[in-house]
Amino acid sequence: MKMTSANLVVGILLFSQIVMGMLGNSSILFYYAILIFTGKHLMPKDLIIEHLTFANCLSIISKGIPQTLSDLGFKNFLDDIGCKLIMYIYRIVRGMSLYAMCLLSCFQAITISSRNSRLMILKHKATKYIGPSCLVSWLVHLLLNIMTPVKVIGPISSKNMTNMMSYGYCSWFTSNNVATALYMFLLCFCDGLCLSLMTCSSVSMVSILYKHKRQVKHIHSAQQFLKVLPEDKATQIILILVCTFVISYSISSIRVIFTTYSEGSVLWGVSVFIFLEICFPIFCPFVLISNIKCSFKLFIPCCGKRYLPPNIT
């Protein structure tokens with residue numbers, strides 16, 4: 001593969017993204033690891049954030065790093081087995097991040113709607129199954145993407161290969177038969193279901209918070225109202241995370257369709273798609289970190305010892 005100036009620019013930008021993303025996600029994982037090690041009790045929502053952050057890390061490693069090396073001109077740094085493993089991991093964490101965001105959004109919607117007695121009961125029941133459901137989701141995505149290693153091989157040197165899509169470091173079989181179409185439909189249906197639930201729950205949260213803000217507006221003094229209310233901050237975080245994720249995942253879905261049905265290799269186009277696609281796992285931890293009061297109080301003795309997890313309620 002011949003490196004072009006466009007590949008070099010995208011490679012440098014991807015490298016910058018990876019450094020920022022790994023620092024942000026690693027900080028959150030380290031934060032929770034210390035809390036668990038010190039015996040602190042984590043809320044169900046924190047378990048979801050843990051799984052989401054871990055998926056973000058694997059997403060950056062499995063997609064961002066290989067694409068960056070490819071754009072910077074490194075050749076054949078992955079063999080056939082390495083390509084199969086990297087692509088399989090990426091497909092798993094791609095689905096898992098979607099499920100974690102969907103679960104986080106739905107659980108948050110139930111939490112702020114807990115004045116309803118039925119939803120209060122549902123919340124208590126859901127709390128018990130948050131951890132197990134995340135573990136089951138990992139297993140489901142392991143099985144759902146079992147065909148990925150079959151369709152992936154190492155980099156190809158011949159430009160005359162048909163039904164192949166090259167990423168530069170790996171290649172992907174692209175077939176237009178009925179079985180592939182059905183498999184793609186199954187993946188798209190699962191993705192669409194999670195996206196629909198996430199969107200509906202997010203719209204519901206924004207609506208509830210807006211109504212609550214209007215109800216309590218009259219009890220705040222003018223001086224207090226100048227400050228950002230918790231409801232406003234929660235709405236902003238929900239909108240930022242959901243909108244960023246939907247945009248990133250839409251780009252990812254377009255890339256999957258593009259690489260499945262396109263003919264030939266468009267490496268520069270693939271690099272741009274991936275650059276846009278991994279914006280969410282890089283952006284997400286900084287949204288969460290910015291909402292941790294006193295910037296990791298656990299690690300700063302002068303700030304106190306009280307545990308304040310990322311709070312988006």
# chains A, B, ... in the order shown; residues from 1 in each chain; ligands from 1

$ residues_around --residues "stretch 120-136 of chain A" --least-positions-apart "3" --cutoff "12 Å" --atoms "only C-alpha atoms" --output "ChimeraX atom specification"
/A:42-52,54-55,93,95-104,106-117,139-143

$ atom_distance --atom1 "atom CA of A:Ser252" --atom2 "atom CA of A:Ser59"
11.9 Å

$ closest_residue --among "A:Phe15, A:Tyr169, A:Phe74, A:Tyr32" --to "A:Met87" --atoms "only C-alpha atoms"
A:Tyr169

$ residues_around --residues "stretch 190-198 of chain A" --least-positions-apart "3" --cutoff "6 Å" --atoms "only C-alpha atoms" --output "list in words"
Cys102, Ser105, Leu187 and Ser201 of chain A

$ write_last_selection --atoms "all heavy atoms" --output "compact mmCIF listing (two decimals), in the first residue's frame"
# COMPACT_ATOMS: atom_id res chain seq x y z
N CYS A 102 -27.99 1.96 25.22
CA CYS A 102 -29.43 1.74 25.26
C CYS A 102 -29.88 1.45 26.68
O CYS A 102 -30.88 2.01 27.16
CB CYS A 102 -29.81 0.59 24.33
SG CYS A 102 -31.57 0.15 24.35
N SER A 105 -29.61 4.61 28.87
CA SER A 105 -30.67 5.56 28.55
C SER A 105 -32.01 5.10 29.13
O SER A 105 -32.74 5.89 29.72
CB SER A 105 -30.77 5.74 27.04
OG SER A 105 -31.76 6.67 26.70
N LEU A 187 -28.45 -8.23 11.79
CA LEU A 187 -27.62 -7.27 12.51
C LEU A 187 -28.28 -5.89 12.55
O LEU A 187 -28.30 -5.23 13.59
CB LEU A 187 -26.25 -7.17 11.85
CG LEU A 187 -25.36 -8.42 11.90
CD1 LEU A 187 -24.06 -8.17 11.16
CD2 LEU A 187 -25.09 -8.86 13.33
N SER A 201 -36.38 6.57 24.90
CA SER A 201 -36.13 6.84 26.32
C SER A 201 -35.47 8.20 26.52
O SER A 201 -35.77 8.91 27.49
CB SER A 201 -35.25 5.74 26.92
OG SER A 201 -34.01 5.66 26.25

$ residues_around --residues "A:Val152" --least-positions-apart "4" --cutoff "6 Å" --atoms "only C-alpha atoms" --output "PyMOL selection string"
chain A and resi 84+171-172

$ write_last_selection --atoms "N, CA, C and O atoms" --output "CSV table (one decimal), in the first residue's frame"
chain,number,residue,atom,x,y,z
A,84,LYS,N,-8.5,-11.6,11.8
A,84,LYS,CA,-9.7,-12.2,12.2
A,84,LYS,C,-10.0,-11.8,13.6
A,84,LYS,O,-11.2,-11.5,14.0
A,171,SER,N,-8.5,-7.6,4.9
A,171,SER,CA,-9.5,-7.6,3.8
A,171,SER,C,-10.7,-8.3,4.2
A,171,SER,O,-10.7,-9.2,5.1
A,172,TRP,N,-11.8,-8.0,3.6
A,172,TRP,CA,-13.1,-8.5,3.9
A,172,TRP,C,-13.9,-9.0,2.7
A,172,TRP,O,-13.9,-8.3,1.7

$ closest_residue --among "A:Ile65, A:Asn56, A:Glu277, A:Leu85" --to "A:Gly21" --atoms "only C-alpha atoms"
A:Asn56

$ atom_distance --atom1 "atom CA of A:Ile278" --atom2 "atom CA of A:Gly82"
20.6 Å

$ residues_around --residues "stretch 7-13 of chain A" --least-positions-apart "4" --cutoff "6 Å" --atoms "only C-alpha atoms" --output "PDB file with N, CA and C atoms, in the first residue's frame"
ATOM      1  N   THR A  68      -4.680   3.464  12.075  1.00  0.00           N
ATOM      2  CA  THR A  68      -3.633   4.483  12.174  1.00  0.00           C
ATOM      3  C   THR A  68      -2.314   3.963  11.623  1.00  0.00           C
ATOM      4  N   ASP A  71      -2.542   3.860   7.866  1.00  0.00           N
ATOM      5  CA  ASP A  71      -2.464   5.184   7.241  1.00  0.00           C
ATOM      6  C   ASP A  71      -1.060   5.770   7.308  1.00  0.00           C
ATOM      7  N   LEU A  72      -0.292   5.378   8.322  1.00  0.00           N
ATOM      8  CA  LEU A  72       1.075   5.882   8.461  1.00  0.00           C
ATOM      9  C   LEU A  72       2.078   5.091   7.636  1.00  0.00           C
TER      10      LEU A  72
END

$ select_by_dssp --residues "stretch 28-226 of chain A" --states "strand (DSSP E)" --output "PDB file with all heavy atoms, in the first residue's frame"
ATOM      1  N   VAL A 152     -13.137 -12.518   7.097  1.00  0.00           N
ATOM      2  CA  VAL A 152     -11.958 -11.661   7.180  1.00  0.00           C
ATOM      3  C   VAL A 152     -10.696 -12.474   6.913  1.00  0.00           C
ATOM      4  O   VAL A 152     -10.552 -13.590   7.409  1.00  0.00           O
ATOM      5  CB  VAL A 152     -11.863 -10.990   8.565  1.00  0.00           C
ATOM      6  CG1 VAL A 152     -10.576 -10.183   8.689  1.00  0.00           C
ATOM      7  CG2 VAL A 152     -13.067 -10.092   8.800  1.00  0.00           C
ATOM      8  N   ILE A 153      -9.788 -11.909   6.111  1.00  0.00           N
ATOM      9  CA  ILE A 153      -8.475 -12.505   5.888  1.00  0.00           C
ATOM     10  C   ILE A 153      -7.428 -11.405   6.006  1.00  0.00           C
ATOM     11  O   ILE A 153      -7.755 -10.237   6.176  1.00  0.00           O
ATOM     12  CB  ILE A 153      -8.376 -13.186   4.501  1.00  0.00           C
ATOM     13  CG1 ILE A 153      -8.572 -12.152   3.387  1.00  0.00           C
ATOM     14  CG2 ILE A 153      -9.364 -14.319   4.371  1.00  0.00           C
ATOM     15  CD1 ILE A 153      -8.302 -12.707   1.999  1.00  0.00           C
ATOM     16  N   MET A 164     -13.812  -8.408  -2.735  1.00  0.00           N
ATOM     17  CA  MET A 164     -12.946  -8.145  -1.589  1.00  0.00           C
ATOM     18  C   MET A 164     -12.912  -6.652  -1.314  1.00  0.00           C
ATOM     19  O   MET A 164     -12.866  -5.834  -2.239  1.00  0.00           O
ATOM     20  CB  MET A 164     -11.520  -8.643  -1.855  1.00  0.00           C
ATOM     21  CG  MET A 164     -11.403 -10.146  -2.033  1.00  0.00           C
ATOM     22  SD  MET A 164     -11.777 -11.060  -0.534  1.00  0.00           S
ATOM     23  CE  MET A 164     -10.467 -10.514   0.529  1.00  0.00           C
ATOM     24  N   MET A 165     -12.953  -6.315  -0.023  1.00  0.00           N
ATOM     25  CA  MET A 165     -12.805  -4.923   0.401  1.00  0.00           C
ATOM     26  C   MET A 165     -11.573  -4.839   1.279  1.00  0.00           C
ATOM     27  O   MET A 165     -11.466  -5.551   2.280  1.00  0.00           O
ATOM     28  CB  MET A 165     -14.044  -4.463   1.171  1.00  0.00           C
ATOM     29  CG  MET A 165     -13.952  -3.037   1.697  1.00  0.00           C
ATOM     30  SD  MET A 165     -13.820  -1.833   0.373  1.00  0.00           S
ATOM     31  CE  MET A 165     -13.187  -0.429   1.277  1.00  0.00           C
ATOM     32  N   SER A 166     -10.626  -3.995   0.900  1.00  0.00           N
ATOM     33  CA  SER A 166      -9.372  -3.885   1.634  1.00  0.00           C
ATOM     34  C   SER A 166      -9.398  -2.683   2.562  1.00  0.00           C
ATOM     35  O   SER A 166      -9.788  -1.579   2.170  1.00  0.00           O
ATOM     36  CB  SER A 166      -8.200  -3.757   0.658  1.00  0.00           C
ATOM     37  OG  SER A 166      -6.996  -3.540   1.367  1.00  0.00           O
ATOM     38  N   SER A 171      -8.532  -7.578   4.948  1.00  0.00           N
ATOM     39  CA  SER A 171      -9.468  -7.614   3.825  1.00  0.00           C
ATOM     40  C   SER A 171     -10.743  -8.327   4.245  1.00  0.00           C
ATOM     41  O   SER A 171     -10.741  -9.179   5.145  1.00  0.00           O
ATOM     42  CB  SER A 171      -8.838  -8.326   2.630  1.00  0.00           C
ATOM     43  OG  SER A 171      -7.642  -7.690   2.253  1.00  0.00           O
ATOM     44  N   TRP A 172     -11.820  -7.971   3.579  1.00  0.00           N
ATOM     45  CA  TRP A 172     -13.142  -8.457   3.941  1.00  0.00           C
ATOM     46  C   TRP A 172     -13.857  -8.972   2.700  1.00  0.00           C
ATOM     47  O   TRP A 172     -13.937  -8.284   1.696  1.00  0.00           O
ATOM     48  CB  TRP A 172     -13.936  -7.302   4.574  1.00  0.00           C
ATOM     49  CG  TRP A 172     -15.289  -7.645   5.101  1.00  0.00           C
ATOM     50  CD1 TRP A 172     -16.412  -7.912   4.377  1.00  0.00           C
ATOM     51  CD2 TRP A 172     -15.682  -7.750   6.473  1.00  0.00           C
ATOM     52  NE1 TRP A 172     -17.473  -8.183   5.195  1.00  0.00           N
ATOM     53  CE2 TRP A 172     -17.061  -8.091   6.485  1.00  0.00           C
ATOM     54  CE3 TRP A 172     -15.004  -7.578   7.681  1.00  0.00           C
ATOM     55  CZ2 TRP A 172     -17.769  -8.267   7.681  1.00  0.00           C
ATOM     56  CZ3 TRP A 172     -15.720  -7.759   8.848  1.00  0.00           C
ATOM     57  CH2 TRP A 172     -17.076  -8.096   8.859  1.00  0.00           C
ATOM     58  N   PHE A 173     -14.370 -10.220   2.775  1.00  0.00           N
ATOM     59  CA  PHE A 173     -15.157 -10.761   1.675  1.00  0.00           C
ATOM     60  C   PHE A 173     -16.489 -10.028   1.592  1.00  0.00           C
ATOM     61  O   PHE A 173     -17.186  -9.868   2.594  1.00  0.00           O
ATOM     62  CB  PHE A 173     -15.429 -12.259   1.885  1.00  0.00           C
ATOM     63  CG  PHE A 173     -14.247 -13.131   1.606  1.00  0.00           C
ATOM     64  CD1 PHE A 173     -13.555 -13.740   2.646  1.00  0.00           C
ATOM     65  CD2 PHE A 173     -13.819 -13.346   0.309  1.00  0.00           C
ATOM     66  CE1 PHE A 173     -12.462 -14.549   2.396  1.00  0.00           C
ATOM     67  CE2 PHE A 173     -12.721 -14.157   0.053  1.00  0.00           C
ATOM     68  CZ  PHE A 173     -12.036 -14.759   1.095  1.00  0.00           C
TER      69      PHE A 173
END
